[in-house]
Amino acid sequence: MTTQTAMHTLGHLGEILHLSGLGTWQFDHSAQHLLASPACIVLLGAAPADDQPLSIEKLRALVHPQDWPAVLALLNAPTDSQHSVVRFRVSGLHGAWRWLEVRGGVQARDTQGQARLCAGVMSDVSELVRANVHQSLQIAFSDVMVSSPDRDTLAGAILDTVLGLEDLDGGGLYFQETDGSFVLHAARGLSNTFLAEATRLPAGSPRAQLIEAGQAVTTCLESGDPCDDGHLLRAPGMQAEGIVALVVLPIRVNGRSRACLNLASTHVRRLTSGTIGVLQSLAVQFGLALERLSAREDAVLQRQNLEGFFNTLQDYVFVLDTAGHIIDVNASVSVVLGHGTELLGQHVLAVHPPRVHALAQEVLGAMLRKERASCPLPLLKADGSEIMVDTRVVSGTWNGQPALLGISRDITELTALQARLLERNQFQRAVLDNFPFLVWLKDPHGRFLEANTPFAQACGQPDTEHVRGRTDFDIWPADLAAVYQADDQFVLGTGSSRHVGRAGGGRPRTPLD
């Protein structure tokens, strides 16, 4: 192949590489300069009028300072290196950084085997790098979510995720309060002076309304959107902080804006649509995370409320598994009855005296079958004494498992009162039944509420039970019943007493005036 043919072929190869977005380069180790193709010059962001070749100093000025050591290492390829790949950043539009990838190796060596020429290709991999960063940030955030983080940890993870995007330098996360205001919960990369003026967004304020609208708002110093006049960036606090781009990113939870990220850049004067798209995608993921957090917090709060109620009840509460074994008790069981953790795992019959075990078992079954609501039974205290309680048992769940809830109320005083009442009633009954005259009590409708034994005998009834609830017409002849009813109405109407005599057969007769 002639030299002219080879040059023609190389020209075609260079055109193909240029059309594919690749630039070519060659580094001369002895001269310490870089020979770059026109496509390579464009990728590096060098001025088109720059003379070829590029010196090391000029090349260094184009590369991000943190990435320069890796680029220099590739150019000064060691003798044992055949092929290297390096990614580095160069200045892009509006203050953003672009990522380039260089692939190359030793092209020629001197007589001592040292690299004399290195060559390779260069390409723009910004989109690929951004996609990889986005994916890694999502994975890192998902890893945090596996541990079911609390609110503070989740807030930190959200900020770490969004600030992992290199276009952003700082930001704050706001949570909505019950009064509708938004309060700053966590922040990174912003001065205390700036944050002191932005700790709370009152309900109904323009900023709060902006968040509640639910749409991301981006304002940039060099905006490409004619609707963005940059008014938010002209606030004194924004200018003092050096913010040149701002994103207000609402986070929706169950369809409403419950949180918001305010994100700032101090070096990128116009955020790309790709960056905004990534943020909006992350906001959906953050919303789901906050939704799960809210559900956990609600469950914890309900549990705390239940435990507070559970332990302040003066009644004795026993939580049983479905076989009747005790799995939890409230504070009253320990404080009043004196039982400790030794009850846990025992059958509930252990807290009843042995003499009522059969009855207790029968009653428990009846209550579970809803055949009775409650039952008075004695409970054993730890010292062996007994206390009378009225117990109700219902089915439910405890720690997510089926359970029985037994609530026992101390009825010691009620039982004693009932005993005293019974004793008094028995005494009153004995007195009434031993009166030599007839005694009865009626309601305003003429029904007998009570009567003594002589009265029951007088009207031919076997006992007083057969008198209660009946009227004169049920137990007396009609003529007498009418007279007695008239007597009742007279007494009720006048408030005066009336005396009645007795007939020969022992029955009351007409009134004695």
# chains A, B, ... in the order shown; residues from 1 in each chain; ligands from 1
>>> select_by_dssp(residues="region 339-434 of chain A", states="alpha helix (DSSP H)", output="PyMOL selection string")
chain A and resi 357-368+412-433
>>> closest_atom_pairs(of="region 165-203 of chain A", to="region 279-285 of chain A", cutoff="12 Å", atoms="only C-alpha atoms", output="Markdown table")
| residue | atom | partner | partner_atom | distance |
| --- | --- | --- | --- | --- |
| A:Leu165 | CA | A:Leu279 | CA | 9.1 |
| A:Asp167 | CA | A:Leu279 | CA | 11.3 |
| A:Leu168 | CA | A:Leu279 | CA | 10.8 |
| A:Leu173 | CA | A:Ala283 | CA | 11.7 |
>>> write_last_selection(atoms="N, CA, C and O atoms", output="short mmCIF file (atom, residue, chain, number, x, y, z; two decimals), in the first residue's frame")
data_model
loop_
_atom_site.label_atom_id
_atom_site.label_comp_id
_atom_site.auth_asym_id
_atom_site.auth_seq_id
_atom_site.Cartn_x
_atom_site.Cartn_y
_atom_site.Cartn_z
N LEU A 165 -25.85 13.38 43.59
CA LEU A 165 -25.83 13.91 42.22
C LEU A 165 -24.87 15.10 42.19
O LEU A 165 -25.02 16.06 42.95
N ASP A 167 -24.40 17.61 40.39
CA ASP A 167 -24.85 18.97 40.05
C ASP A 167 -25.34 19.74 41.27
O ASP A 167 -25.50 20.96 41.21
N LEU A 168 -25.58 19.03 42.38
CA LEU A 168 -26.15 19.66 43.57
C LEU A 168 -25.11 19.76 44.68
O LEU A 168 -24.29 18.87 44.85
N LEU A 173 -34.50 19.05 53.89
CA LEU A 173 -35.71 18.23 53.83
C LEU A 173 -36.72 18.76 54.83
O LEU A 173 -36.42 18.88 56.02
#
>>> residues_around(residues="region 152-162 of chain A", least_positions_apart="3", cutoff="10 Å", atoms="only C-alpha atoms", output="JSON, numbers by chain")
{"A": [133, 134, 136, 137, 138, 139, 140, 141, 142, 143, 144, 145, 148, 149, 165, 166, 167, 168, 169, 170, 171, 172, 173, 174, 175, 185, 186, 187, 188, 261, 263, 278, 279, 282, 283, 285, 286, 289, 290, 293]}
>>> residues_around(residues="Arg207 (chain A)", least_positions_apart="5", cutoff="12 Å", atoms="only C-alpha atoms", output="ChimeraX atom specification")
/A:174,180-183,198,200-202,212-214,217,232,248-250,260,262
>>> write_last_selection(atoms="all heavy atoms", output="compact mmCIF listing (two decimals), in the first residue's frame")
# COMPACT_ATOMS: atom_id res chain seq x y z
N TYR A 174 -37.92 19.07 54.33
CA TYR A 174 -39.01 19.59 55.17
C TYR A 174 -40.09 18.54 55.32
O TYR A 174 -40.42 17.83 54.36
CB TYR A 174 -39.62 20.84 54.52
CG TYR A 174 -38.72 22.05 54.51
CD1 TYR A 174 -37.72 22.18 53.55
CD2 TYR A 174 -38.88 23.08 55.43
CE1 TYR A 174 -36.89 23.29 53.52
CE2 TYR A 174 -38.07 24.21 55.40
CZ TYR A 174 -37.07 24.31 54.45
OH TYR A 174 -36.26 25.42 54.42
N GLY A 180 -50.28 22.27 58.98
CA GLY A 180 -50.12 22.59 57.57
C GLY A 180 -48.81 23.26 57.22
O GLY A 180 -48.48 23.41 56.04
N SER A 181 -48.04 23.67 58.22
CA SER A 181 -46.74 24.29 57.96
C SER A 181 -45.71 23.21 57.60
O SER A 181 -45.92 22.02 57.86
CB SER A 181 -46.26 25.07 59.18
OG SER A 181 -46.05 24.21 60.28
N PHE A 182 -44.60 23.64 57.01
CA PHE A 182 -43.50 22.73 56.69
C PHE A 182 -42.29 23.14 57.51
O PHE A 182 -41.88 24.31 57.49
CB PHE A 182 -43.18 22.77 55.20
CG PHE A 182 -44.21 22.10 54.33
CD1 PHE A 182 -45.34 22.82 53.90
CD2 PHE A 182 -44.10 20.78 53.96
CE1 PHE A 182 -46.30 22.21 53.12
CE2 PHE A 182 -45.07 20.17 53.18
CZ PHE A 182 -46.16 20.89 52.76
N VAL A 183 -41.71 22.18 58.24
CA VAL A 183 -40.61 22.47 59.15
C VAL A 183 -39.36 21.72 58.68
O VAL A 183 -39.42 20.54 58.33
CB VAL A 183 -40.97 22.06 60.59
CG1 VAL A 183 -39.77 22.26 61.53
CG2 VAL A 183 -42.15 22.88 61.09
N ALA A 198 -34.75 29.79 57.21
CA ALA A 198 -35.58 28.88 56.41
C ALA A 198 -35.98 27.64 57.19
O ALA A 198 -36.16 26.57 56.62
CB ALA A 198 -34.83 28.46 55.15
N ARG A 200 -38.83 27.20 58.91
CA ARG A 200 -40.26 26.92 58.93
C ARG A 200 -40.95 27.69 57.81
O ARG A 200 -40.70 28.89 57.63
CB ARG A 200 -40.86 27.30 60.27
CG ARG A 200 -42.35 26.95 60.41
CD ARG A 200 -42.83 27.23 61.84
NE ARG A 200 -44.24 26.89 62.01
CZ ARG A 200 -45.24 27.73 61.76
NH1 ARG A 200 -44.98 28.97 61.34
NH2 ARG A 200 -46.49 27.35 61.93
N LEU A 201 -41.82 27.00 57.09
CA LEU A 201 -42.63 27.61 56.05
C LEU A 201 -44.08 27.60 56.55
O LEU A 201 -44.71 26.54 56.60
CB LEU A 201 -42.51 26.84 54.73
CG LEU A 201 -41.08 26.59 54.22
CD1 LEU A 201 -41.12 25.74 52.96
CD2 LEU A 201 -40.36 27.90 53.98
N PRO A 202 -44.62 28.75 56.96
CA PRO A 202 -45.97 28.77 57.56
C PRO A 202 -47.03 28.24 56.61
O PRO A 202 -46.93 28.37 55.38
CB PRO A 202 -46.18 30.26 57.88
CG PRO A 202 -44.81 30.85 57.92
CD PRO A 202 -44.00 30.08 56.93
N GLU A 212 -47.49 22.38 48.20
CA GLU A 212 -48.76 21.66 48.18
C GLU A 212 -49.29 21.48 46.76
O GLU A 212 -50.10 20.58 46.51
CB GLU A 212 -49.78 22.37 49.05
CG GLU A 212 -49.46 22.28 50.55
CD GLU A 212 -50.45 23.03 51.41
OE1 GLU A 212 -51.13 23.92 50.86
OE2 GLU A 212 -50.53 22.72 52.61
N ALA A 213 -48.85 22.32 45.84
CA ALA A 213 -49.26 22.15 44.44
C ALA A 213 -48.76 20.83 43.88
O ALA A 213 -49.33 20.29 42.93
CB ALA A 213 -48.76 23.32 43.59
N GLY A 214 -47.66 20.31 44.46
CA GLY A 214 -47.20 18.97 44.11
C GLY A 214 -46.33 18.86 42.88
O GLY A 214 -45.99 17.75 42.47
N VAL A 217 -40.44 22.49 40.99
CA VAL A 217 -40.17 23.82 40.47
C VAL A 217 -38.65 24.00 40.41
O VAL A 217 -37.97 23.78 41.41
CB VAL A 217 -40.80 24.92 41.34
CG1 VAL A 217 -40.41 26.30 40.83
CG2 VAL A 217 -42.31 24.77 41.37
N LEU A 232 -36.83 33.63 42.67
CA LEU A 232 -36.44 33.00 43.94
C LEU A 232 -34.96 33.19 44.22
O LEU A 232 -34.55 33.31 45.38
CB LEU A 232 -36.78 31.51 43.91
CG LEU A 232 -38.27 31.14 43.88
CD1 LEU A 232 -38.44 29.62 43.76
CD2 LEU A 232 -38.97 31.63 45.14
N VAL A 248 -37.27 22.96 43.95
CA VAL A 248 -38.26 22.67 45.00
C VAL A 248 -38.95 21.39 44.58
O VAL A 248 -39.69 21.37 43.60
CB VAL A 248 -39.26 23.83 45.16
CG1 VAL A 248 -40.29 23.49 46.25
CG2 VAL A 248 -38.54 25.13 45.51
N LEU A 249 -38.70 20.31 45.33
CA LEU A 249 -39.15 18.98 44.93
C LEU A 249 -40.13 18.42 45.97
O LEU A 249 -39.72 17.86 46.99
CB LEU A 249 -37.94 18.04 44.80
CG LEU A 249 -38.21 16.65 44.25
CD1 LEU A 249 -38.63 16.72 42.79
CD2 LEU A 249 -36.96 15.77 44.39
N PRO A 250 -41.45 18.57 45.75
CA PRO A 250 -42.43 18.00 46.70
C PRO A 250 -42.35 16.48 46.71
O PRO A 250 -42.07 15.84 45.69
CB PRO A 250 -43.77 18.47 46.15
CG PRO A 250 -43.46 19.64 45.25
CD PRO A 250 -42.11 19.33 44.67
N CYS A 260 -40.91 17.84 51.47
CA CYS A 260 -40.35 18.59 50.33
C CYS A 260 -38.83 18.67 50.47
O CYS A 260 -38.30 18.82 51.58
CB CYS A 260 -40.94 20.00 50.30
SG CYS A 260 -40.26 21.02 48.97
N ASN A 262 -35.72 20.98 49.23
CA ASN A 262 -35.22 22.20 48.60
C ASN A 262 -33.74 21.98 48.33
O ASN A 262 -32.94 21.86 49.26
CB ASN A 262 -35.42 23.42 49.51
CG ASN A 262 -36.87 23.90 49.51
OD1 ASN A 262 -37.72 23.30 48.87
ND2 ASN A 262 -37.14 24.97 50.21
>>> atom_distance(atom1="CA of Cys375 (chain A)", atom2="CA of Thr415 (chain A)")
12.8 Å
>>> closest_residue(among="A:Gly204, A:Ser191, A:Ala331, A:Ala259", to="Gly242 (chain A)", atoms="only C-alpha atoms")
A:Ser191
>>> atom_distance(atom1="CA of Ala61 (chain A)", atom2="CA of Gly45 (chain A)")
10.6 Å
>>> residues_around(residues="Thr266 (chain A)", least_positions_apart="5", cutoff="12 Å", atoms="only C-alpha atoms", output="PyMOL selection string")
chain A and resi 94-96+166-171+189-190+220-221+233+238-246+271
